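A.B. asks: What follows is query_31.txt, made up of compact mmCIF, N, CA and C atoms and all ligand atoms:
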```txt
# COMPACT_ATOMS: atom_id res chain seq x y z
N MET A 1 -9.36 67.32 10.16
CA MET A 1 -9.55 66.27 9.17
C MET A 1 -8.40 65.26 9.25
N GLU A 2 -8.78 63.99 9.16
CA GLU A 2 -7.77 62.95 9.27
C GLU A 2 -6.86 62.94 8.05
N LYS A 3 -5.59 62.77 8.31
CA LYS A 3 -4.63 62.78 7.21
C LYS A 3 -4.64 61.42 6.51
N MET A 4 -4.66 61.47 5.19
CA MET A 4 -4.67 60.24 4.42
C MET A 4 -3.24 59.77 4.17
N HIS A 5 -3.12 58.46 4.15
CA HIS A 5 -1.83 57.86 3.83
C HIS A 5 -2.03 56.84 2.73
N CYS A 6 -1.00 56.63 1.93
CA CYS A 6 -1.05 55.58 0.93
C CYS A 6 -1.10 54.24 1.66
N LEU A 7 -2.06 53.42 1.29
CA LEU A 7 -2.24 52.13 1.97
C LEU A 7 -1.02 51.23 1.80
N ARG A 8 -0.30 51.41 0.71
CA ARG A 8 0.81 50.49 0.40
C ARG A 8 2.14 50.97 0.99
N CYS A 9 2.48 52.24 0.78
CA CYS A 9 3.81 52.71 1.21
C CYS A 9 3.71 53.66 2.40
N ASN A 10 2.50 53.98 2.83
CA ASN A 10 2.26 54.84 4.00
C ASN A 10 2.71 56.29 3.81
N ARG A 11 2.98 56.66 2.56
CA ARG A 11 3.34 58.04 2.25
C ARG A 11 2.13 58.94 2.59
N PRO A 12 2.35 60.08 3.31
CA PRO A 12 1.22 60.97 3.60
C PRO A 12 0.69 61.61 2.31
N LEU A 13 -0.63 61.69 2.20
CA LEU A 13 -1.26 62.29 1.02
C LEU A 13 -2.03 63.53 1.46
N GLU A 14 -1.58 64.69 1.01
CA GLU A 14 -2.25 65.94 1.36
C GLU A 14 -3.59 66.00 0.64
N PRO A 15 -4.57 66.74 1.23
CA PRO A 15 -5.85 66.89 0.53
C PRO A 15 -5.65 67.49 -0.86
N GLY A 16 -6.27 66.89 -1.85
CA GLY A 16 -6.14 67.39 -3.21
C GLY A 16 -4.93 66.86 -3.95
N GLN A 17 -4.05 66.16 -3.24
CA GLN A 17 -2.87 65.59 -3.90
C GLN A 17 -3.30 64.43 -4.78
N LYS A 18 -2.59 64.26 -5.89
CA LYS A 18 -2.93 63.20 -6.84
C LYS A 18 -2.81 61.83 -6.18
N SER A 19 -3.86 61.04 -6.28
CA SER A 19 -3.86 59.70 -5.70
C SER A 19 -5.03 58.93 -6.28
N VAL A 20 -5.11 57.66 -5.96
CA VAL A 20 -6.25 56.84 -6.34
C VAL A 20 -7.00 56.50 -5.06
N ALA A 21 -8.30 56.80 -5.02
CA ALA A 21 -9.13 56.50 -3.86
C ALA A 21 -10.00 55.29 -4.17
N LEU A 22 -10.04 54.39 -3.21
CA LEU A 22 -10.84 53.17 -3.37
C LEU A 22 -11.83 53.15 -2.20
N TYR A 23 -13.10 53.09 -2.51
CA TYR A 23 -14.14 53.12 -1.48
C TYR A 23 -14.74 51.73 -1.30
N MET A 24 -15.02 51.37 -0.07
CA MET A 24 -15.59 50.05 0.18
C MET A 24 -16.59 50.11 1.33
N PHE A 25 -17.74 49.49 1.12
CA PHE A 25 -18.68 49.30 2.22
C PHE A 25 -19.37 47.96 2.01
N ALA A 26 -19.91 47.42 3.10
CA ALA A 26 -20.62 46.15 3.04
C ALA A 26 -22.09 46.39 3.33
N GLN A 27 -22.95 45.60 2.70
CA GLN A 27 -24.39 45.78 2.85
C GLN A 27 -25.06 44.41 2.78
N THR A 28 -26.03 44.19 3.64
CA THR A 28 -26.76 42.92 3.58
C THR A 28 -27.74 42.97 2.41
N VAL A 29 -27.97 41.80 1.81
CA VAL A 29 -28.90 41.70 0.68
C VAL A 29 -29.93 40.63 1.01
N GLY A 30 -31.20 40.96 0.82
CA GLY A 30 -32.28 40.00 1.06
C GLY A 30 -32.51 39.70 2.53
N ILE A 31 -31.97 40.51 3.40
CA ILE A 31 -32.14 40.32 4.84
C ILE A 31 -32.75 41.59 5.41
N LYS A 32 -33.86 41.44 6.14
CA LYS A 32 -34.49 42.61 6.76
C LYS A 32 -34.14 42.62 8.25
N PRO A 33 -33.82 43.74 8.87
CA PRO A 33 -33.63 45.01 8.16
C PRO A 33 -32.31 45.03 7.40
N ARG A 34 -32.28 45.82 6.35
CA ARG A 34 -31.05 45.94 5.58
C ARG A 34 -30.00 46.65 6.41
N GLN A 35 -28.82 46.09 6.44
CA GLN A 35 -27.73 46.71 7.19
C GLN A 35 -26.64 47.15 6.25
N LYS A 36 -25.99 48.21 6.64
CA LYS A 36 -24.95 48.79 5.80
C LYS A 36 -23.80 49.21 6.71
N SER A 37 -22.61 48.81 6.38
CA SER A 37 -21.45 49.23 7.16
C SER A 37 -21.09 50.66 6.78
N ILE A 38 -20.23 51.27 7.56
CA ILE A 38 -19.74 52.58 7.14
C ILE A 38 -18.83 52.38 5.94
N ALA A 39 -18.69 53.42 5.13
CA ALA A 39 -17.84 53.33 3.95
C ALA A 39 -16.40 53.65 4.35
N HIS A 40 -15.49 52.85 3.87
CA HIS A 40 -14.07 53.10 4.10
C HIS A 40 -13.44 53.62 2.83
N ARG A 41 -12.49 54.47 3.02
CA ARG A 41 -11.77 55.01 1.88
C ARG A 41 -10.31 54.61 2.00
N PHE A 42 -9.80 54.02 0.97
CA PHE A 42 -8.39 53.65 0.91
C PHE A 42 -7.74 54.44 -0.20
N SER A 43 -6.54 54.91 0.05
CA SER A 43 -5.84 55.72 -0.95
C SER A 43 -4.53 55.06 -1.34
N PHE A 44 -4.21 55.23 -2.60
CA PHE A 44 -2.92 54.77 -3.12
C PHE A 44 -2.25 55.95 -3.83
N CYS A 45 -0.97 56.18 -3.54
CA CYS A 45 -0.24 57.23 -4.24
C CYS A 45 -0.06 56.79 -5.71
N PRO A 46 0.20 57.74 -6.60
CA PRO A 46 0.35 57.37 -8.02
C PRO A 46 1.44 56.32 -8.26
N GLN A 47 2.59 56.43 -7.56
CA GLN A 47 3.65 55.44 -7.76
C GLN A 47 3.19 54.03 -7.42
N CYS A 48 2.52 53.89 -6.27
CA CYS A 48 2.06 52.56 -5.88
C CYS A 48 0.98 52.07 -6.82
N SER A 49 0.11 52.96 -7.29
CA SER A 49 -0.94 52.56 -8.22
C SER A 49 -0.32 51.97 -9.48
N VAL A 50 0.65 52.69 -10.04
CA VAL A 50 1.30 52.22 -11.27
C VAL A 50 2.09 50.95 -10.99
N SER A 51 2.79 50.94 -9.87
CA SER A 51 3.60 49.76 -9.51
C SER A 51 2.72 48.52 -9.34
N LEU A 52 1.58 48.70 -8.66
CA LEU A 52 0.66 47.57 -8.48
C LEU A 52 0.12 47.10 -9.82
N ALA A 53 -0.26 48.07 -10.66
CA ALA A 53 -0.87 47.72 -11.95
C ALA A 53 0.13 46.98 -12.85
N MET A 54 1.39 47.36 -12.76
CA MET A 54 2.41 46.74 -13.61
C MET A 54 2.85 45.38 -13.06
N GLY A 55 2.58 45.16 -11.77
CA GLY A 55 3.06 43.95 -11.12
C GLY A 55 2.14 42.76 -11.31
N PRO A 56 2.53 41.63 -10.78
CA PRO A 56 1.71 40.41 -10.89
C PRO A 56 0.47 40.51 -10.01
N PRO A 57 -0.55 39.71 -10.28
CA PRO A 57 -1.77 39.78 -9.46
C PRO A 57 -1.49 39.38 -8.02
N PRO A 58 -2.13 40.08 -7.07
CA PRO A 58 -1.90 39.75 -5.65
C PRO A 58 -2.70 38.51 -5.24
N GLU A 59 -2.48 38.07 -4.03
CA GLU A 59 -3.23 36.94 -3.46
C GLU A 59 -4.57 37.45 -2.92
N GLY A 60 -5.58 36.64 -3.02
CA GLY A 60 -6.85 36.97 -2.37
C GLY A 60 -7.84 37.62 -3.32
N ALA A 61 -9.10 37.20 -3.24
CA ALA A 61 -10.13 37.68 -4.17
C ALA A 61 -10.34 39.18 -4.08
N LEU A 62 -10.38 39.74 -2.85
CA LEU A 62 -10.61 41.18 -2.71
C LEU A 62 -9.44 41.97 -3.27
N ASN A 63 -8.22 41.49 -2.99
CA ASN A 63 -7.04 42.16 -3.51
C ASN A 63 -7.02 42.15 -5.03
N VAL A 64 -7.42 41.02 -5.61
CA VAL A 64 -7.45 40.92 -7.06
C VAL A 64 -8.50 41.88 -7.64
N ALA A 65 -9.66 41.99 -6.95
CA ALA A 65 -10.70 42.91 -7.42
C ALA A 65 -10.19 44.35 -7.41
N ALA A 66 -9.50 44.74 -6.34
CA ALA A 66 -8.95 46.09 -6.26
C ALA A 66 -7.86 46.29 -7.30
N TRP A 67 -7.04 45.27 -7.47
CA TRP A 67 -5.94 45.33 -8.46
C TRP A 67 -6.50 45.53 -9.87
N ASP A 68 -7.58 44.83 -10.18
CA ASP A 68 -8.22 44.96 -11.49
C ASP A 68 -8.69 46.40 -11.73
N MET A 69 -9.29 46.99 -10.69
CA MET A 69 -9.81 48.36 -10.84
C MET A 69 -8.67 49.35 -11.04
N ILE A 70 -7.61 49.19 -10.25
CA ILE A 70 -6.46 50.10 -10.38
C ILE A 70 -5.81 49.92 -11.75
N ARG A 71 -5.72 48.67 -12.20
CA ARG A 71 -5.16 48.40 -13.53
C ARG A 71 -5.96 49.08 -14.63
N ASP A 72 -7.29 49.06 -14.48
CA ASP A 72 -8.15 49.73 -15.47
C ASP A 72 -7.81 51.22 -15.53
N LEU A 73 -7.65 51.84 -14.35
CA LEU A 73 -7.36 53.28 -14.32
C LEU A 73 -6.01 53.57 -14.95
N VAL A 74 -5.01 52.77 -14.59
CA VAL A 74 -3.65 53.01 -15.10
C VAL A 74 -3.61 52.80 -16.61
N ALA A 75 -4.34 51.78 -17.08
CA ALA A 75 -4.30 51.44 -18.51
C ALA A 75 -5.13 52.40 -19.36
N ALA A 76 -6.14 53.04 -18.75
CA ALA A 76 -7.09 53.84 -19.53
C ALA A 76 -6.50 55.15 -20.02
N ASP A 77 -5.59 55.73 -19.22
CA ASP A 77 -5.08 57.06 -19.57
C ASP A 77 -3.69 57.22 -18.95
N PRO A 78 -2.77 57.87 -19.67
CA PRO A 78 -1.41 58.03 -19.12
C PRO A 78 -1.30 59.07 -18.01
N ALA A 79 -2.41 59.73 -17.64
CA ALA A 79 -2.33 60.81 -16.64
C ALA A 79 -1.81 60.31 -15.30
N LEU A 80 -2.25 59.10 -14.90
CA LEU A 80 -1.81 58.55 -13.61
C LEU A 80 -0.33 58.18 -13.67
N ASN A 81 0.09 57.62 -14.80
CA ASN A 81 1.51 57.32 -14.99
C ASN A 81 2.34 58.60 -14.92
N ARG A 82 1.81 59.66 -15.53
CA ARG A 82 2.53 60.93 -15.53
C ARG A 82 2.65 61.47 -14.11
N ALA A 83 1.58 61.34 -13.31
CA ALA A 83 1.61 61.81 -11.92
C ALA A 83 2.67 61.04 -11.13
N ALA A 84 2.75 59.72 -11.37
CA ALA A 84 3.76 58.90 -10.69
C ALA A 84 5.14 59.34 -11.11
N TRP A 85 5.30 59.60 -12.40
CA TRP A 85 6.61 60.02 -12.92
C TRP A 85 7.01 61.36 -12.31
N GLU A 86 6.05 62.30 -12.23
CA GLU A 86 6.34 63.63 -11.66
C GLU A 86 6.77 63.50 -10.20
N ASN A 87 6.07 62.65 -9.42
CA ASN A 87 6.44 62.44 -8.02
C ASN A 87 7.84 61.88 -7.90
N LEU A 88 8.14 60.88 -8.73
CA LEU A 88 9.45 60.24 -8.67
C LEU A 88 10.54 61.23 -9.05
N ALA A 89 10.29 62.00 -10.11
CA ALA A 89 11.28 62.99 -10.56
C ALA A 89 11.50 64.03 -9.47
N GLY A 90 10.43 64.41 -8.75
CA GLY A 90 10.56 65.39 -7.68
C GLY A 90 11.39 64.87 -6.53
N ILE A 91 11.21 63.59 -6.19
CA ILE A 91 11.98 62.98 -5.10
C ILE A 91 13.45 62.91 -5.48
N LEU A 92 13.73 62.49 -6.71
CA LEU A 92 15.12 62.36 -7.14
C LEU A 92 15.82 63.70 -7.15
N ALA A 93 15.07 64.78 -7.45
CA ALA A 93 15.66 66.11 -7.49
C ALA A 93 16.07 66.57 -6.09
N LEU A 94 15.41 66.03 -5.05
CA LEU A 94 15.72 66.42 -3.67
C LEU A 94 16.93 65.70 -3.11
N LEU A 95 17.28 64.57 -3.72
CA LEU A 95 18.42 63.81 -3.22
C LEU A 95 19.72 64.53 -3.54
N PRO A 96 20.70 64.45 -2.64
CA PRO A 96 21.97 65.13 -2.93
C PRO A 96 22.69 64.45 -4.08
N GLY A 97 23.35 65.25 -4.88
CA GLY A 97 24.13 64.71 -5.99
C GLY A 97 25.28 63.88 -5.46
N THR A 98 25.72 62.91 -6.22
CA THR A 98 26.81 62.05 -5.77
C THR A 98 28.14 62.68 -6.15
N GLY A 99 28.83 63.15 -5.13
CA GLY A 99 30.16 63.68 -5.36
C GLY A 99 30.18 65.07 -5.97
N THR A 100 29.03 65.68 -6.15
CA THR A 100 29.00 67.00 -6.77
C THR A 100 28.81 68.10 -5.74
N ASP A 101 28.48 67.74 -4.49
CA ASP A 101 28.35 68.73 -3.44
C ASP A 101 29.73 69.11 -2.94
N GLY A 102 29.95 70.43 -2.82
CA GLY A 102 31.27 70.90 -2.46
C GLY A 102 31.78 70.32 -1.15
N ASN A 103 30.94 70.30 -0.11
CA ASN A 103 31.41 69.86 1.21
C ASN A 103 31.56 68.34 1.30
N ALA A 104 30.98 67.62 0.36
CA ALA A 104 31.06 66.16 0.42
C ALA A 104 32.27 65.64 -0.35
N ARG A 105 32.95 66.55 -1.05
CA ARG A 105 34.08 66.11 -1.88
C ARG A 105 35.22 65.64 -0.98
N SER A 106 35.73 64.49 -1.25
CA SER A 106 36.81 63.96 -0.42
C SER A 106 38.15 64.30 -1.07
N SER A 107 39.10 64.59 -0.24
CA SER A 107 40.43 64.89 -0.75
C SER A 107 41.11 63.58 -1.14
N PRO A 108 42.13 63.64 -2.01
CA PRO A 108 42.79 62.40 -2.42
C PRO A 108 43.40 61.65 -1.25
N ALA A 109 43.67 62.36 -0.14
CA ALA A 109 44.33 61.72 1.00
C ALA A 109 43.33 61.04 1.93
N SER A 110 42.05 61.15 1.66
CA SER A 110 41.08 60.64 2.61
C SER A 110 41.06 59.11 2.66
N GLY A 111 41.59 58.46 1.67
CA GLY A 111 41.76 57.02 1.75
C GLY A 111 40.57 56.20 1.34
N TYR A 112 39.50 56.80 0.91
CA TYR A 112 38.36 56.01 0.41
C TYR A 112 37.66 56.76 -0.71
N PHE A 113 36.92 56.05 -1.44
CA PHE A 113 36.18 56.64 -2.56
C PHE A 113 34.72 56.76 -2.20
N GLU A 114 34.12 57.82 -2.71
CA GLU A 114 32.68 57.98 -2.54
C GLU A 114 32.01 57.85 -3.90
N PHE A 115 31.01 57.04 -3.96
CA PHE A 115 30.28 56.88 -5.22
C PHE A 115 28.95 57.62 -5.14
ZN ZN A 201 2.27 54.58 -2.08
```
Would you mind writing the file out in structure tokens?
Ligand SMILES: [Zn+2]
C.D. replies:
Amino acid sequence: MEKMHCLRCNRPLEPGQKSVALYMFAQTVGIKPRQKSIAHRFSFCPQCSVSLAMGPPPEGALNVAAWDMIRDLVAADPALNRAAWENLAGILALLPGTGTDGNARSSPASGYFEF
């Protein structure tokens, strides 16, 4: 199975991981025979979904249409915001503490400060 990535930040999205999926296909109308493109699926991680929704409208009619839909989801329920917050909190917990790691502590003679 093909691995999904966030369309905006390219973060890998595992199957079942919290994300927003956007489906798109094109279809002819009033033209025989009717033609239909394959359906594409685009995914956005919770952080990018919330970030997009909170940000200004993008350029382009299709982008605005997608932005409107994502904004509806973000505004309708705090669950997506919570998922973004949980992801962010998880990432921050993985980062090394500043100056609190024993081996990173510099002696007074080292001549520089670490922040
Ligand atoms: Zn993303």
A.B. asks: Would you mind reading off the distance between atom C of Glu86 in chain A and atom N of Met4 in chain A, one decimal, in Å?
C.D. replies: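 Distance between the two atoms: 19.3 Å.
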A.B. asks: Using DSSP secondary structure from the backbone, list all alpha helix (DSSP H) positions within range 15-102 of chain A, as a PDB file with N, CA and C atoms, keeping the file's coordinate frame.
C.D. replies:
```
ATOM      1  N   PRO A  46       0.200  57.740  -6.600  1.00  0.00           N
ATOM      2  CA  PRO A  46       0.350  57.370  -8.020  1.00  0.00           C
ATOM      3  C   PRO A  46       1.440  56.320  -8.260  1.00  0.00           C
ATOM      4  N   GLN A  47       2.590  56.430  -7.560  1.00  0.00           N
ATOM      5  CA  GLN A  47       3.650  55.440  -7.760  1.00  0.00           C
ATOM      6  C   GLN A  47       3.190  54.030  -7.420  1.00  0.00           C
ATOM      7  N   CYS A  48       2.520  53.890  -6.270  1.00  0.00           N
ATOM      8  CA  CYS A  48       2.060  52.560  -5.880  1.00  0.00           C
ATOM      9  C   CYS A  48       0.980  52.070  -6.820  1.00  0.00           C
ATOM     10  N   SER A  49       0.110  52.960  -7.290  1.00  0.00           N
ATOM     11  CA  SER A  49      -0.940  52.560  -8.220  1.00  0.00           C
ATOM     12  C   SER A  49      -0.320  51.970  -9.480  1.00  0.00           C
ATOM     13  N   VAL A  50       0.650  52.690 -10.040  1.00  0.00           N
ATOM     14  CA  VAL A  50       1.300  52.220 -11.270  1.00  0.00           C
ATOM     15  C   VAL A  50       2.090  50.950 -10.990  1.00  0.00           C
ATOM     16  N   SER A  51       2.790  50.940  -9.870  1.00  0.00           N
ATOM     17  CA  SER A  51       3.600  49.760  -9.510  1.00  0.00           C
ATOM     18  C   SER A  51       2.720  48.520  -9.340  1.00  0.00           C
ATOM     19  N   LEU A  52       1.580  48.700  -8.660  1.00  0.00           N
ATOM     20  CA  LEU A  52       0.660  47.570  -8.480  1.00  0.00           C
ATOM     21  C   LEU A  52       0.120  47.100  -9.820  1.00  0.00           C
ATOM     22  N   ALA A  53      -0.260  48.070 -10.660  1.00  0.00           N
ATOM     23  CA  ALA A  53      -0.870  47.720 -11.950  1.00  0.00           C
ATOM     24  C   ALA A  53       0.130  46.980 -12.850  1.00  0.00           C
ATOM     25  N   MET A  54       1.390  47.360 -12.760  1.00  0.00           N
ATOM     26  CA  MET A  54       2.410  46.740 -13.610  1.00  0.00           C
ATOM     27  C   MET A  54       2.850  45.380 -13.060  1.00  0.00           C
ATOM     28  N   ALA A  61      -9.100  37.200  -3.240  1.00  0.00           N
ATOM     29  CA  ALA A  61     -10.130  37.680  -4.170  1.00  0.00           C
ATOM     30  C   ALA A  61     -10.340  39.180  -4.080  1.00  0.00           C
ATOM     31  N   LEU A  62     -10.380  39.740  -2.850  1.00  0.00           N
ATOM     32  CA  LEU A  62     -10.610  41.180  -2.710  1.00  0.00           C
ATOM     33  C   LEU A  62      -9.440  41.970  -3.270  1.00  0.00           C
ATOM     34  N   ASN A  63      -8.220  41.490  -2.990  1.00  0.00           N
ATOM     35  CA  ASN A  63      -7.040  42.160  -3.510  1.00  0.00           C
ATOM     36  C   ASN A  63      -7.020  42.150  -5.030  1.00  0.00           C
ATOM     37  N   VAL A  64      -7.420  41.020  -5.610  1.00  0.00           N
ATOM     38  CA  VAL A  64      -7.450  40.920  -7.060  1.00  0.00           C
ATOM     39  C   VAL A  64      -8.500  41.880  -7.640  1.00  0.00           C
ATOM     40  N   ALA A  65      -9.660  41.990  -6.950  1.00  0.00           N
ATOM     41  CA  ALA A  65     -10.700  42.910  -7.420  1.00  0.00           C
ATOM     42  C   ALA A  65     -10.190  44.350  -7.410  1.00  0.00           C
ATOM     43  N   ALA A  66      -9.500  44.740  -6.340  1.00  0.00           N
ATOM     44  CA  ALA A  66      -8.950  46.090  -6.260  1.00  0.00           C
ATOM     45  C   ALA A  66      -7.860  46.290  -7.300  1.00  0.00           C
ATOM     46  N   TRP A  67      -7.040  45.270  -7.470  1.00  0.00           N
ATOM     47  CA  TRP A  67      -5.940  45.330  -8.460  1.00  0.00           C
ATOM     48  C   TRP A  67      -6.500  45.530  -9.870  1.00  0.00           C
ATOM     49  N   ASP A  68      -7.580  44.830 -10.180  1.00  0.00           N
ATOM     50  CA  ASP A  68      -8.220  44.960 -11.490  1.00  0.00           C
ATOM     51  C   ASP A  68      -8.690  46.400 -11.730  1.00  0.00           C
ATOM     52  N   MET A  69      -9.290  46.990 -10.690  1.00  0.00           N
ATOM     53  CA  MET A  69      -9.810  48.360 -10.840  1.00  0.00           C
ATOM     54  C   MET A  69      -8.670  49.350 -11.040  1.00  0.00           C
ATOM     55  N   ILE A  70      -7.610  49.190 -10.250  1.00  0.00           N
ATOM     56  CA  ILE A  70      -6.460  50.100 -10.380  1.00  0.00           C
ATOM     57  C   ILE A  70      -5.810  49.920 -11.750  1.00  0.00           C
ATOM     58  N   ARG A  71      -5.720  48.670 -12.200  1.00  0.00           N
ATOM     59  CA  ARG A  71      -5.160  48.400 -13.530  1.00  0.00           C
ATOM     60  C   ARG A  71      -5.960  49.080 -14.630  1.00  0.00           C
ATOM     61  N   ASP A  72      -7.290  49.060 -14.480  1.00  0.00           N
ATOM     62  CA  ASP A  72      -8.150  49.730 -15.470  1.00  0.00           C
ATOM     63  C   ASP A  72      -7.810  51.220 -15.530  1.00  0.00           C
ATOM     64  N   LEU A  73      -7.650  51.840 -14.350  1.00  0.00           N
ATOM     65  CA  LEU A  73      -7.360  53.280 -14.320  1.00  0.00           C
ATOM     66  C   LEU A  73      -6.010  53.570 -14.950  1.00  0.00           C
ATOM     67  N   VAL A  74      -5.010  52.770 -14.590  1.00  0.00           N
ATOM     68  CA  VAL A  74      -3.650  53.010 -15.100  1.00  0.00           C
ATOM     69  C   VAL A  74      -3.610  52.800 -16.610  1.00  0.00           C
ATOM     70  N   ALA A  75      -4.340  51.780 -17.080  1.00  0.00           N
ATOM     71  CA  ALA A  75      -4.300  51.440 -18.510  1.00  0.00           C
ATOM     72  C   ALA A  75      -5.130  52.400 -19.360  1.00  0.00           C
ATOM     73  N   ALA A  76      -6.140  53.040 -18.750  1.00  0.00           N
ATOM     74  CA  ALA A  76      -7.090  53.840 -19.530  1.00  0.00           C
ATOM     75  C   ALA A  76      -6.500  55.150 -20.020  1.00  0.00           C
ATOM     76  N   ALA A  79      -2.410  59.730 -17.640  1.00  0.00           N
ATOM     77  CA  ALA A  79      -2.330  60.810 -16.640  1.00  0.00           C
ATOM     78  C   ALA A  79      -1.810  60.310 -15.300  1.00  0.00           C
ATOM     79  N   LEU A  80      -2.250  59.100 -14.900  1.00  0.00           N
ATOM     80  CA  LEU A  80      -1.810  58.550 -13.610  1.00  0.00           C
ATOM     81  C   LEU A  80      -0.330  58.180 -13.670  1.00  0.00           C
ATOM     82  N   ASN A  81       0.090  57.620 -14.800  1.00  0.00           N
ATOM     83  CA  ASN A  81       1.510  57.320 -14.990  1.00  0.00           C
ATOM     84  C   ASN A  81       2.340  58.600 -14.920  1.00  0.00           C
ATOM     85  N   ARG A  82       1.810  59.660 -15.530  1.00  0.00           N
ATOM     86  CA  ARG A  82       2.530  60.930 -15.530  1.00  0.00           C
ATOM     87  C   ARG A  82       2.650  61.470 -14.110  1.00  0.00           C
ATOM     88  N   ALA A  83       1.580  61.340 -13.310  1.00  0.00           N
ATOM     89  CA  ALA A  83       1.610  61.810 -11.920  1.00  0.00           C
ATOM     90  C   ALA A  83       2.670  61.040 -11.130  1.00  0.00           C
ATOM     91  N   ALA A  84       2.750  59.720 -11.370  1.00  0.00           N
ATOM     92  CA  ALA A  84       3.760  58.900 -10.690  1.00  0.00           C
ATOM     93  C   ALA A  84       5.140  59.340 -11.110  1.00  0.00           C
ATOM     94  N   TRP A  85       5.300  59.600 -12.400  1.00  0.00           N
ATOM     95  CA  TRP A  85       6.610  60.020 -12.920  1.00  0.00           C
ATOM     96  C   TRP A  85       7.010  61.360 -12.310  1.00  0.00           C
ATOM     97  N   GLU A  86       6.050  62.300 -12.230  1.00  0.00           N
ATOM     98  CA  GLU A  86       6.340  63.630 -11.660  1.00  0.00           C
ATOM     99  C   GLU A  86       6.770  63.500 -10.200  1.00  0.00           C
ATOM    100  N   ASN A  87       6.070  62.650  -9.420  1.00  0.00           N
ATOM    101  CA  ASN A  87       6.440  62.440  -8.020  1.00  0.00           C
ATOM    102  C   ASN A  87       7.840  61.880  -7.900  1.00  0.00           C
ATOM    103  N   LEU A  88       8.140  60.880  -8.730  1.00  0.00           N
ATOM    104  CA  LEU A  88       9.450  60.240  -8.670  1.00  0.00           C
ATOM    105  C   LEU A  88      10.540  61.230  -9.050  1.00  0.00           C
ATOM    106  N   ALA A  89      10.290  62.000 -10.110  1.00  0.00           N
ATOM    107  CA  ALA A  89      11.280  62.990 -10.560  1.00  0.00           C
ATOM    108  C   ALA A  89      11.500  64.030  -9.470  1.00  0.00           C
ATOM    109  N   GLY A  90      10.430  64.410  -8.750  1.00  0.00           N
ATOM    110  CA  GLY A  90      10.560  65.390  -7.680  1.00  0.00           C
ATOM    111  C   GLY A  90      11.390  64.870  -6.530  1.00  0.00           C
ATOM    112  N   ILE A  91      11.210  63.590  -6.190  1.00  0.00           N
ATOM    113  CA  ILE A  91      11.980  62.980  -5.100  1.00  0.00           C
ATOM    114  C   ILE A  91      13.450  62.910  -5.480  1.00  0.00           C
ATOM    115  N   LEU A  92      13.730  62.490  -6.710  1.00  0.00           N
ATOM    116  CA  LEU A  92      15.120  62.360  -7.140  1.00  0.00           C
ATOM    117  C   LEU A  92      15.820  63.700  -7.150  1.00  0.00           C
ATOM    118  N   ALA A  93      15.070  64.780  -7.450  1.00  0.00           N
ATOM    119  CA  ALA A  93      15.660  66.110  -7.490  1.00  0.00           C
ATOM    120  C   ALA A  93      16.070  66.570  -6.090  1.00  0.00           C
ATOM    121  N   LEU A  94      15.410  66.030  -5.050  1.00  0.00           N
ATOM    122  CA  LEU A  94      15.720  66.420  -3.670  1.00  0.00           C
ATOM    123  C   LEU A  94      16.930  65.700  -3.110  1.00  0.00           C
TER     124      LEU A  94
END
```
A.B. asks: Wanna dump the chain A-ligand ZN 201 (chain A) contacts at 12 Å for me, each residue with its shortest atom pair and the distance in Å to one decimal, counting only C-alpha atoms and all ligand atoms, ordered by chain and number, as a tab-separated table?
C.D. replies:
```
residue	atom	partner	partner_atom	distance
A:Met4	CA	A:ZN201	ZN	11.1
A:His5	CA	A:ZN201	ZN	7.9
A:Cys6	CA	A:ZN201	ZN	4.6
A:Leu7	CA	A:ZN201	ZN	6.5
A:Arg8	CA	A:ZN201	ZN	5.0
A:Cys9	CA	A:ZN201	ZN	4.1
A:Asn10	CA	A:ZN201	ZN	6.1
A:Arg11	CA	A:ZN201	ZN	5.6
A:Pro12	CA	A:ZN201	ZN	8.6
A:Leu13	CA	A:ZN201	ZN	9.0
A:Lys18	CA	A:ZN201	ZN	11.1
A:Ser19	CA	A:ZN201	ZN	8.8
A:Val20	CA	A:ZN201	ZN	9.8
A:Ala21	CA	A:ZN201	ZN	11.7
A:Phe42	CA	A:ZN201	ZN	11.1
A:Ser43	CA	A:ZN201	ZN	8.3
A:Phe44	CA	A:ZN201	ZN	5.3
A:Cys45	CA	A:ZN201	ZN	4.2
A:Pro46	CA	A:ZN201	ZN	6.8
A:Gln47	CA	A:ZN201	ZN	5.9
A:Cys48	CA	A:ZN201	ZN	4.3
A:Ser49	CA	A:ZN201	ZN	7.2
A:Val50	CA	A:ZN201	ZN	9.5
A:Ser51	CA	A:ZN201	ZN	9.0
A:Leu52	CA	A:ZN201	ZN	9.6
A:Ala84	CA	A:ZN201	ZN	9.7
A:Asn87	CA	A:ZN201	ZN	10.7
A:Leu88	CA	A:ZN201	ZN	11.3
```
A.B. asks: Run DSSP on the backbone and give me the residues of chain A it puts in strand (DSSP E or B), as number ranges by chain.
C.D. replies: A: 4-6, 12-13, 20-24, 27, 36, 40-44
A.B. asks: For CA of Gln35 in chain A and CA of Asp68 in chain A, determine how far apart the two atoms are, in Å to one decimal place.
C.D. replies: 27.1 Å
